[in-house]
file my_file13.cif (mmCIF, C-alpha atoms)
data_protein
loop_
_atom_site.label_atom_id
_atom_site.label_comp_id
_atom_site.auth_asym_id
_atom_site.auth_seq_id
_atom_site.Cartn_x
_atom_site.Cartn_y
_atom_site.Cartn_z
CA MET A 1 40.35 -19.44 -4.56
CA VAL A 2 40.88 -17.39 -7.73
CA ILE A 3 38.71 -18.29 -10.69
CA ARG A 4 40.10 -17.58 -14.12
CA PRO A 5 38.11 -14.96 -16.08
CA LEU A 6 36.95 -17.37 -18.80
CA LEU A 7 35.84 -19.97 -16.27
CA ALA A 8 34.08 -17.29 -14.25
CA THR A 9 32.24 -16.14 -17.37
CA VAL A 10 31.17 -19.69 -18.24
CA LEU A 11 29.94 -20.32 -14.71
CA ALA A 12 28.00 -17.05 -14.72
CA CYS A 13 26.32 -18.00 -18.00
CA VAL A 14 25.41 -21.45 -16.69
CA VAL A 15 23.91 -19.97 -13.52
CA ALA A 16 21.97 -17.35 -15.50
CA SER A 17 20.70 -19.98 -17.94
CA ALA A 18 19.54 -22.23 -15.13
CA ALA A 19 17.88 -19.34 -13.34
CA GLN A 20 15.89 -18.41 -16.44
CA ALA A 21 14.76 -21.97 -17.22
CA GLY A 22 11.42 -21.62 -15.42
CA PRO A 23 10.02 -18.47 -17.08
CA VAL A 24 11.63 -19.31 -20.41
CA ASP A 25 10.00 -22.73 -20.41
CA THR A 26 6.65 -21.24 -19.37
CA MET A 27 6.63 -18.78 -22.26
CA ARG A 28 7.56 -21.59 -24.65
CA ARG A 29 4.73 -23.75 -23.33
CA ILE A 30 2.19 -20.95 -23.61
CA VAL A 31 2.76 -20.62 -27.35
CA ASP A 32 2.96 -24.39 -27.86
CA PRO A 33 -0.51 -25.86 -28.53
CA LYS A 34 0.73 -29.02 -26.79
CA GLY A 35 2.21 -27.09 -23.87
CA GLY A 36 -0.33 -28.36 -21.36
CA ILE A 37 -2.23 -26.57 -18.61
CA ILE A 38 -0.62 -23.37 -17.28
CA ALA A 39 -1.50 -22.41 -13.70
CA ILE A 40 -2.04 -18.69 -13.05
CA ALA A 41 -2.24 -17.55 -9.42
CA HIS A 42 -4.65 -14.64 -8.91
CA ARG A 43 -2.74 -11.92 -7.01
CA GLY A 44 -0.12 -14.49 -6.09
CA CYS A 45 -0.33 -17.60 -3.91
CA HIS A 46 -2.00 -16.01 -0.89
CA ALA A 47 -4.19 -18.99 0.00
CA ALA A 48 -3.01 -21.94 2.06
CA ALA A 49 -1.55 -24.94 0.21
CA PRO A 50 -2.10 -27.84 2.61
CA THR A 51 -1.06 -30.57 0.17
CA ARG A 52 2.37 -28.91 0.08
CA GLY A 53 2.63 -28.30 3.81
CA MET A 54 1.93 -24.57 3.45
CA ASP A 55 -0.97 -24.15 5.85
CA GLY A 56 -0.86 -20.41 6.50
CA THR A 57 -2.15 -17.62 4.30
CA LEU A 58 -0.08 -14.75 2.89
CA PRO A 59 -0.90 -11.21 1.72
CA GLU A 60 -2.07 -10.85 -1.86
CA ASN A 61 0.33 -9.21 -4.34
CA SER A 62 3.24 -9.73 -1.94
CA ARG A 63 6.83 -10.91 -2.22
CA ALA A 64 5.97 -13.85 0.04
CA GLY A 65 3.07 -14.79 -2.25
CA LEU A 66 5.41 -14.80 -5.25
CA LEU A 67 7.96 -17.00 -3.50
CA ARG A 68 5.24 -19.44 -2.47
CA CYS A 69 4.05 -19.64 -6.08
CA ALA A 70 7.57 -20.43 -7.23
CA ALA A 71 7.98 -23.08 -4.54
CA MET A 72 4.69 -24.68 -5.56
CA GLY A 73 5.55 -24.85 -9.25
CA VAL A 74 3.03 -22.24 -10.42
CA GLU A 75 4.01 -20.86 -13.82
CA VAL A 76 2.36 -17.41 -13.79
CA MET A 77 1.51 -14.91 -11.05
CA GLU A 78 -1.14 -12.33 -11.88
CA THR A 79 -0.51 -9.05 -10.07
CA ASP A 80 -1.74 -5.46 -10.17
CA VAL A 81 0.11 -2.21 -10.86
CA ARG A 82 -0.77 1.34 -9.77
CA ARG A 83 1.14 4.63 -9.57
CA THR A 84 1.86 6.63 -6.43
CA ARG A 85 1.55 10.39 -6.15
CA ASP A 86 5.28 10.79 -6.73
CA GLY A 87 5.35 8.52 -9.79
CA TYR A 88 6.44 5.12 -8.46
CA LEU A 89 4.80 1.90 -9.66
CA VAL A 90 3.50 -0.28 -6.82
CA MET A 91 1.62 -3.57 -6.58
CA VAL A 92 -1.85 -2.76 -5.24
CA HIS A 93 -5.15 -4.03 -6.64
CA ASP A 94 -7.65 -1.47 -5.31
CA ASP A 95 -7.48 2.25 -5.96
CA SER A 96 -6.96 2.66 -2.21
CA VAL A 97 -4.82 0.90 0.40
CA ASP A 98 -7.74 0.53 2.82
CA ARG A 99 -8.52 -3.16 2.29
CA THR A 100 -5.01 -4.57 2.02
CA THR A 101 -2.99 -2.53 4.54
CA ASP A 102 -3.24 -0.85 7.94
CA GLY A 103 -3.48 2.54 6.23
CA THR A 104 -6.09 4.53 4.36
CA GLY A 105 -6.17 6.67 1.25
CA LYS A 106 -5.95 6.49 -2.50
CA VAL A 107 -2.75 5.07 -3.95
CA ALA A 108 -2.61 8.03 -6.34
CA ASP A 109 -2.69 10.44 -3.37
CA LEU A 110 0.08 8.74 -1.37
CA THR A 111 3.83 8.91 -1.84
CA LEU A 112 5.99 5.83 -2.03
CA ALA A 113 7.38 6.61 1.42
CA GLN A 114 3.87 6.76 2.87
CA ILE A 115 2.93 3.45 1.27
CA ARG A 116 6.21 1.87 2.38
CA ALA A 117 5.32 2.67 5.99
CA LEU A 118 2.20 0.48 5.78
CA ARG A 119 1.95 -3.20 6.67
CA LEU A 120 0.10 -5.62 4.41
CA ARG A 121 -2.90 -7.46 5.83
CA ASP A 122 -3.02 -11.23 5.57
CA ASP A 123 -4.62 -13.01 2.61
CA GLU A 124 -7.22 -10.81 0.88
CA GLY A 125 -7.25 -8.27 3.69
CA GLY A 126 -10.27 -6.46 5.03
CA ALA A 127 -11.10 -4.86 8.36
CA GLY A 128 -9.86 -6.90 11.30
CA THR A 129 -7.59 -9.13 9.21
CA ALA A 130 -4.23 -9.83 10.84
CA LEU A 131 -1.32 -7.58 9.95
CA THR A 132 1.90 -9.09 8.61
CA ASP A 133 5.48 -7.91 8.30
CA GLU A 134 5.11 -7.75 4.51
CA ARG A 135 5.19 -4.34 2.79
CA VAL A 136 3.78 -3.20 -0.56
CA PRO A 137 6.40 -4.05 -3.21
CA THR A 138 7.28 -1.85 -6.15
CA LEU A 139 7.09 -3.16 -9.69
CA ASP A 140 10.88 -3.02 -9.95
CA GLU A 141 11.23 -5.17 -6.82
CA LEU A 142 8.71 -7.76 -7.97
CA LEU A 143 10.30 -7.99 -11.42
CA ALA A 144 13.68 -8.62 -9.78
CA LEU A 145 12.25 -11.22 -7.40
CA ALA A 146 10.42 -13.02 -10.23
CA LYS A 147 13.58 -13.41 -12.33
CA GLY A 148 14.31 -17.08 -12.86
CA ARG A 149 11.24 -18.04 -10.81
CA ILE A 150 7.94 -17.14 -12.47
CA VAL A 151 6.23 -15.22 -15.26
CA LEU A 152 4.34 -12.11 -14.13
CA ASN A 153 0.99 -11.19 -15.65
CA LEU A 154 0.71 -7.43 -15.11
CA ASP A 155 -2.81 -6.13 -14.68
CA VAL A 156 -2.31 -2.39 -15.16
CA LYS A 157 -4.95 -0.54 -13.14
CA ASP A 158 -4.21 3.05 -14.18
CA ALA A 159 -3.56 4.70 -17.55
CA ILE A 160 0.16 4.01 -17.13
CA TYR A 161 0.83 1.30 -19.69
CA GLY A 162 3.79 3.17 -21.19
CA GLU A 163 5.44 3.57 -17.79
CA VAL A 164 4.84 -0.08 -16.89
CA VAL A 165 6.22 -1.41 -20.16
CA ASP A 166 9.22 0.92 -19.89
CA ALA A 167 9.94 -0.43 -16.38
CA VAL A 168 9.70 -4.00 -17.69
CA VAL A 169 12.12 -3.30 -20.53
CA ARG A 170 14.58 -1.49 -18.23
CA ALA A 171 14.53 -4.51 -15.93
CA GLY A 172 15.35 -6.83 -18.82
CA ALA A 173 12.08 -8.64 -18.17
CA ALA A 174 10.34 -8.26 -21.52
CA ASP A 175 10.57 -12.01 -22.15
CA ARG A 176 8.97 -13.00 -18.82
CA VAL A 177 5.87 -10.87 -18.43
CA ILE A 178 2.43 -10.73 -20.03
CA VAL A 179 0.66 -7.38 -20.28
CA LYS A 180 -3.06 -7.23 -21.01
CA THR A 181 -5.76 -4.69 -21.74
CA PHE A 182 -9.31 -4.61 -23.07
CA ALA A 183 -10.21 -4.78 -26.76
CA GLY A 184 -13.60 -4.27 -28.40
CA ILE A 185 -14.91 -4.99 -31.86
CA GLY A 186 -13.75 -1.54 -32.97
CA SER A 187 -10.26 -1.83 -31.48
CA PRO A 188 -7.30 -2.13 -33.85
CA PRO A 189 -4.84 -5.01 -33.39
CA LEU A 190 -3.28 -3.83 -30.13
CA ALA A 191 -0.32 -6.22 -30.00
CA ALA A 192 1.27 -4.31 -32.90
CA MET A 193 0.83 -0.87 -31.30
CA PRO A 194 3.10 0.93 -28.79
CA PRO A 195 3.62 0.21 -25.97
CA TYR A 196 2.12 -3.29 -26.27
CA ASP A 197 4.45 -4.20 -29.12
CA ARG A 198 7.41 -4.27 -26.71
CA VAL A 199 6.16 -7.13 -24.52
CA PRO A 200 4.11 -10.34 -24.78
CA PHE A 201 0.53 -9.13 -24.91
CA ALA A 202 -2.91 -10.63 -24.24
CA PRO A 203 -6.15 -8.83 -25.16
CA ILE A 204 -9.31 -9.18 -23.08
CA PRO A 205 -12.35 -8.91 -25.36
CA ILE A 206 -15.10 -6.62 -24.07
CA THR A 207 -18.64 -6.99 -25.26
CA GLY A 208 -22.04 -5.51 -24.57
CA ASP A 209 -23.76 -8.68 -25.77
CA PRO A 210 -24.96 -10.88 -22.86
CA ALA A 211 -24.31 -13.88 -25.08
CA ALA A 212 -20.79 -12.61 -25.91
CA ALA A 213 -21.51 -13.64 -29.50
CA ASP A 214 -19.07 -11.06 -30.90
CA VAL A 215 -16.06 -12.34 -28.94
CA PRO A 216 -14.83 -14.63 -31.77
CA ALA A 217 -14.88 -11.65 -34.15
CA ILE A 218 -12.93 -9.53 -31.63
CA ILE A 219 -10.34 -12.30 -31.35
CA ARG A 220 -9.95 -12.45 -35.13
CA GLN A 221 -9.63 -8.66 -35.27
CA GLN A 222 -6.78 -8.74 -32.75
CA VAL A 223 -4.57 -10.92 -34.96
CA GLY A 224 -4.87 -8.77 -38.06
CA ALA A 225 -1.36 -7.27 -37.88
CA ARG A 226 2.30 -8.27 -38.08
CA ARG A 227 2.71 -8.78 -34.32
CA ARG A 228 0.18 -11.06 -32.67
CA PRO A 229 -0.93 -11.59 -29.07
CA ILE A 230 0.51 -14.49 -27.10
CA ALA A 231 -2.89 -15.38 -25.63
CA VAL A 232 -6.45 -14.14 -25.20
CA GLU A 233 -8.12 -13.81 -21.81
CA LEU A 234 -11.80 -14.53 -22.29
CA PRO A 235 -14.38 -12.28 -20.59
CA ARG A 236 -17.45 -13.50 -18.76
CA MET A 237 -19.52 -15.52 -21.20
CA PRO A 238 -22.12 -18.28 -21.34
CA LEU A 239 -20.86 -21.82 -21.70
CA ALA A 240 -22.56 -22.00 -25.10
CA THR A 241 -20.25 -19.27 -26.47
CA LEU A 242 -17.04 -20.89 -25.28
CA PRO A 243 -16.46 -23.33 -28.20
CA ALA A 244 -16.62 -20.63 -30.88
CA SER A 245 -14.31 -18.35 -28.91
CA VAL A 246 -11.77 -21.12 -28.31
CA ALA A 247 -11.91 -22.12 -31.97
CA ALA A 248 -11.24 -18.54 -33.10
CA ALA A 249 -8.29 -18.20 -30.74
CA ARG A 250 -6.75 -21.54 -31.68
CA GLN A 251 -7.13 -20.79 -35.37
CA ALA A 252 -5.30 -17.51 -34.72
CA GLY A 253 -2.52 -19.33 -32.90
CA MET A 254 -3.33 -17.90 -29.46
CA ALA A 255 -3.57 -19.76 -26.18
CA VAL A 256 -6.92 -19.40 -24.38
CA TRP A 257 -7.07 -18.08 -20.83
CA VAL A 258 -10.14 -18.49 -18.60
CA ASN A 259 -10.69 -17.29 -15.04
CA THR A 260 -12.43 -19.59 -12.57
CA LEU A 261 -12.29 -16.90 -9.88
CA PHE A 262 -15.33 -16.27 -7.71
CA GLU A 263 -18.36 -17.85 -9.42
CA GLY A 264 -16.34 -18.46 -12.61
CA PHE A 265 -16.20 -16.44 -15.81
CA VAL A 266 -17.91 -19.13 -17.89
CA THR A 267 -21.45 -19.00 -16.59
CA GLY A 268 -23.12 -22.33 -16.09
CA LEU A 269 -19.80 -24.05 -15.36
CA GLY A 270 -18.93 -22.93 -11.85
CA GLY A 271 -15.99 -21.21 -10.19
CA ASP A 272 -13.21 -22.02 -7.75
CA ALA A 273 -15.45 -23.36 -4.99
CA VAL A 274 -17.08 -25.86 -7.34
CA ALA A 275 -13.75 -26.71 -8.96
CA ALA A 276 -12.11 -27.47 -5.61
CA ARG A 277 -14.87 -30.01 -4.87
CA ASP A 278 -15.20 -31.42 -8.38
CA PRO A 279 -12.24 -30.32 -10.53
CA GLU A 280 -13.25 -32.32 -13.60
CA ALA A 281 -16.61 -30.54 -13.68
CA VAL A 282 -14.90 -27.16 -14.09
CA TRP A 283 -11.19 -27.36 -14.92
CA GLY A 284 -11.61 -30.66 -16.72
CA ARG A 285 -14.36 -29.35 -18.97
CA LEU A 286 -12.34 -26.22 -19.72
CA ALA A 287 -9.28 -28.29 -20.62
CA ASP A 288 -11.37 -30.60 -22.80
CA SER A 289 -12.68 -27.48 -24.57
CA GLY A 290 -9.17 -26.35 -25.44
CA VAL A 291 -8.50 -23.92 -22.60
CA ARG A 292 -4.89 -24.18 -21.37
CA LEU A 293 -4.37 -21.10 -19.17
CA ILE A 294 -6.44 -21.14 -15.97
CA GLN A 295 -6.41 -18.34 -13.41
CA THR A 296 -7.58 -19.25 -9.92
CA ASP A 297 -7.41 -18.49 -6.22
CA ALA A 298 -7.59 -22.24 -5.53
CA VAL A 299 -4.03 -22.80 -6.71
CA ASP A 300 -3.26 -25.84 -4.56
CA ALA A 301 -6.35 -27.71 -5.77
CA LEU A 302 -5.61 -26.81 -9.41
CA LEU A 303 -2.09 -28.22 -9.17
CA VAL A 304 -3.31 -31.43 -7.54
CA TRP A 305 -5.89 -31.87 -10.31
CA ARG A 306 -3.37 -31.10 -13.05
CA GLN A 307 -0.95 -33.67 -11.71
CA SER A 308 -3.63 -36.35 -11.47
CA ARG A 309 -4.85 -35.61 -14.98
CA ALA A 310 -1.32 -35.89 -16.36
CA ARG A 311 -1.08 -39.44 -14.99
CA ARG A 312 -3.95 -40.64 -17.16
#
call {"tool": "encode", "arguments": {"input": "my_file13.cif", "output": "structure tokens"}}
result
Amino acid sequence: MVIRPLLATVLACVVASAAQAGPVDTMRRIVDPKGGIIAIAHRGCHAAAPTRGMDGTLPENSRAGLLRCAAMGVEVMETDVRRTRDGYLVMVHDDSVDRTTDGTGKVADLTLAQIRALRLRDDEGGAGTALTDERVPTLDELLALAKGRIVLNLDVKDAIYGEVVDAVVRAGAADRVIVKTFAGIGSPPLAAMPPYDRVPFAPIPITGDPAAADVPAIIRQQVGARRRPIAVELPRMPLATLPASVAAARQAGMAVWVNTLFEGFVTGLGGDAVAARDPEAVWGRLADSGVRLIQTDAVDALLVWRQSRARR
């Protein structure tokens, strides 16, 4: 059947619009104070999701982990970027491939071809972990796979921010990623500086104060320019410091991101293990404090809790 050019163009636009609805809606919700809880999967959805019939584990930072996130309804996948010896950008968390693949060596010392020959280990990897048929993806490949499915939060592990942002822009993905880096009390407003001014940006305050008392001031400093961050990812801090930090971010018009990974980044509250047993004690208290972006390895449990909370 021959489709007339105008009809073909209309159909293509409809398909493209539908495909982009997920990430577009996620970015809209992030900037909307009433946008609700946003689920962020740490290194993708590598853990089992039994409530969704997904019992097996998958390699971290993998294509399969991204597709599982999309199938589960996760809005954001956090993933890590490094550079190979021959200048390609690949998705590996550690500075070496030892933990996550069947190979050894520093990412920066290996070529893309050498890394491509490796097989990813299941879940979070480690010696003796089962090998899979998954391979280390490049940034270009993951950006293409994420299109229409999920927002990528790019955790840039090397001093390659310019290269990463350039790859994002070339892929036409500048409206569906979040790039982040650290900011201290002496840092200028980074969201207005190249290359961060080309993509949605989230600072991570760094502090030498055990009480993290200067974090609210760092947040205020980061919104002192024409272009502002889309969110702020809070560092490890005592529970007592959380309200002032959230208030500073909300006053600046930024969404607040907290990690409940490991033992949790808000000390005295608990991390993923506690949250999976008693979600209101961790995720509920964060939400009640004004936190809307939650990064976790316990993605399935977070989604179940979010759905139950929305029914109230």
call {"tool": "resolve_selection", "arguments": {"input": "my_file13.cif", "expression": "the PyMOL selection byres ((chain A and resi 272) around 12)", "output": "NGL selection string"}}
result
:A and (41-42 or 258-266 or 269-271 or 273-283 or 294-302)
call {"tool": "atom_distance", "arguments": {"input": "my_file13.cif", "atom1": "atom CA of Asp133 of chain A", "atom2": "atom CA of Cys69 of chain A"}}
result
18.6 Å
call {"tool": "closest_residue", "arguments": {"input": "my_file13.cif", "among": "A:Thr79, A:Ser96, A:Thr84, A:Thr101", "to": "Val156 of chain A", "atoms": "all atoms listed in the file"}}
result
A:Thr79
call {"tool": "resolve_selection", "arguments": {"input": "my_file13.cif", "expression": "the PyMOL selection byres ((chain A and resi 110) around 12)", "output": "PyMOL selection string"}}
result
chain A and resi 82-90+95-97+103-109+111-118
call {"tool": "closest_residue", "arguments": {"input": "my_file13.cif", "among": "A:Met193, A:Asp140, A:Arg176, A:Ala39", "to": "Asp25 of chain A", "atoms": "only C-alpha atoms"}}
result
A:Arg176
call {"tool": "resolve_selection", "arguments": {"input": "my_file13.cif", "expression": "the PyMOL selection byres ((chain A and resi 46-50) around 6)", "output": "NGL selection string"}}
result
:A and (44-45 or 51-60 or 65 or 123 or 300)
call {"tool": "residues_around", "arguments": {"input": "my_file13.cif", "residues": "Ala202 of chain A", "least_positions_apart": "2", "cutoff": "6 Å", "atoms": "all atoms listed in the file", "output": "PyMOL selection string"}}
result
chain A and resi 180+229-232
call {"tool": "atom_distance", "arguments": {"input": "my_file13.cif", "atom1": "atom CA of Glu78 of chain A", "atom2": "atom CA of Leu142 of chain A"}}
result
11.5 Å
call {"tool": "residues_near_point", "arguments": {"input": "my_file13.cif", "point": "(-7.2, -22.8, -21.6)", "cutoff": "12 Å", "atoms": "all atoms listed in the file", "output": "mmCIF file with C-alpha atoms, in the coordinates of the input"}}
result
data_model
loop_
_atom_site.group_PDB
_atom_site.id
_atom_site.type_symbol
_atom_site.label_atom_id
_atom_site.label_comp_id
_atom_site.auth_asym_id
_atom_site.auth_seq_id
_atom_site.Cartn_x
_atom_site.Cartn_y
_atom_site.Cartn_z
ATOM 1 C CA ILE A 30 2.190 -20.950 -23.610
ATOM 2 C CA VAL A 31 2.760 -20.620 -27.350
ATOM 3 C CA PRO A 33 -0.510 -25.860 -28.530
ATOM 4 C CA LYS A 34 0.730 -29.020 -26.790
ATOM 5 C CA GLY A 35 2.210 -27.090 -23.870
ATOM 6 C CA GLY A 36 -0.330 -28.360 -21.360
ATOM 7 C CA ILE A 37 -2.230 -26.570 -18.610
ATOM 8 C CA ILE A 38 -0.620 -23.370 -17.280
ATOM 9 C CA ALA A 39 -1.500 -22.410 -13.700
ATOM 10 C CA ILE A 40 -2.040 -18.690 -13.050
ATOM 11 C CA ALA A 231 -2.890 -15.380 -25.630
ATOM 12 C CA VAL A 232 -6.450 -14.140 -25.200
ATOM 13 C CA GLU A 233 -8.120 -13.810 -21.810
ATOM 14 C CA LEU A 234 -11.800 -14.530 -22.290
ATOM 15 C CA LEU A 242 -17.040 -20.890 -25.280
ATOM 16 C CA PRO A 243 -16.460 -23.330 -28.200
ATOM 17 C CA SER A 245 -14.310 -18.350 -28.910
ATOM 18 C CA VAL A 246 -11.770 -21.120 -28.310
ATOM 19 C CA ALA A 247 -11.910 -22.120 -31.970
ATOM 20 C CA ALA A 249 -8.290 -18.200 -30.740
ATOM 21 C CA ARG A 250 -6.750 -21.540 -31.680
ATOM 22 C CA MET A 254 -3.330 -17.900 -29.460
ATOM 23 C CA ALA A 255 -3.570 -19.760 -26.180
ATOM 24 C CA VAL A 256 -6.920 -19.400 -24.380
ATOM 25 C CA TRP A 257 -7.070 -18.080 -20.830
ATOM 26 C CA VAL A 258 -10.140 -18.490 -18.600
ATOM 27 C CA ASN A 259 -10.690 -17.290 -15.040
ATOM 28 C CA THR A 260 -12.430 -19.590 -12.570
ATOM 29 C CA VAL A 266 -17.910 -19.130 -17.890
ATOM 30 C CA VAL A 282 -14.900 -27.160 -14.090
ATOM 31 C CA TRP A 283 -11.190 -27.360 -14.920
ATOM 32 C CA GLY A 284 -11.610 -30.660 -16.720
ATOM 33 C CA ARG A 285 -14.360 -29.350 -18.970
ATOM 34 C CA LEU A 286 -12.340 -26.220 -19.720
ATOM 35 C CA ALA A 287 -9.280 -28.290 -20.620
ATOM 36 C CA ASP A 288 -11.370 -30.600 -22.800
ATOM 37 C CA SER A 289 -12.680 -27.480 -24.570
ATOM 38 C CA GLY A 290 -9.170 -26.350 -25.440
ATOM 39 C CA VAL A 291 -8.500 -23.920 -22.600
ATOM 40 C CA ARG A 292 -4.890 -24.180 -21.370
ATOM 41 C CA LEU A 293 -4.370 -21.100 -19.170
ATOM 42 C CA ILE A 294 -6.440 -21.140 -15.970
ATOM 43 C CA GLN A 295 -6.410 -18.340 -13.410
#
call {"tool": "closest_residue", "arguments": {"input": "my_file13.cif", "among": "A:Val199, A:Ala167, A:Ile206, A:Ile185", "to": "Gln222 of chain A", "atoms": "only C-alpha atoms"}}
result
A:Ile185
call {"tool": "residues_around", "arguments": {"input": "my_file13.cif", "residues": "Pro194 of chain A", "least_positions_apart": "4", "cutoff": "10 Å", "atoms": "only C-alpha atoms", "output": "VMD selection string"}}
result
chain A and resid 161 to 162 165 190 198 to 199
call {"tool": "closest_residue", "arguments": {"input": "my_file13.cif", "among": "A:Asp209, A:Glu141, A:Glu124, A:Asp214", "to": "Thr100 of chain A", "atoms": "all atoms listed in the file"}}
result
A:Glu124
call {"tool": "residues_around", "arguments": {"input": "my_file13.cif", "residues": "Ala212 of chain A", "least_positions_apart": "2", "cutoff": "9 Å", "atoms": "all atoms listed in the file", "output": "list in words"}}
result
Ile206, Thr207, Gly208, Asp209, Pro210, Asp214, Val215, Pro216, Pro235, Arg236, Met237, Pro238 and Thr241 of chain A
call {"tool": "closest_residue", "arguments": {"input": "my_file13.cif", "among": "A:Ala71, A:Val76, A:Leu239, A:Val164", "to": "Thr138 of chain A", "atoms": "all atoms listed in the file"}}
result
A:Val164
call {"tool": "atom_distance", "arguments": {"input": "my_file13.cif", "atom1": "atom CA of Asp94 of chain A", "atom2": "atom CA of Ile178 of chain A"}}
result
20.1 Å
call {"tool": "closest_residue", "arguments": {"input": "my_file13.cif", "among": "A:Thr267, A:Thr26, A:Ser308, A:Ser62", "to": "Asp175 of chain A", "atoms": "all atoms listed in the file"}}
result
A:Thr26
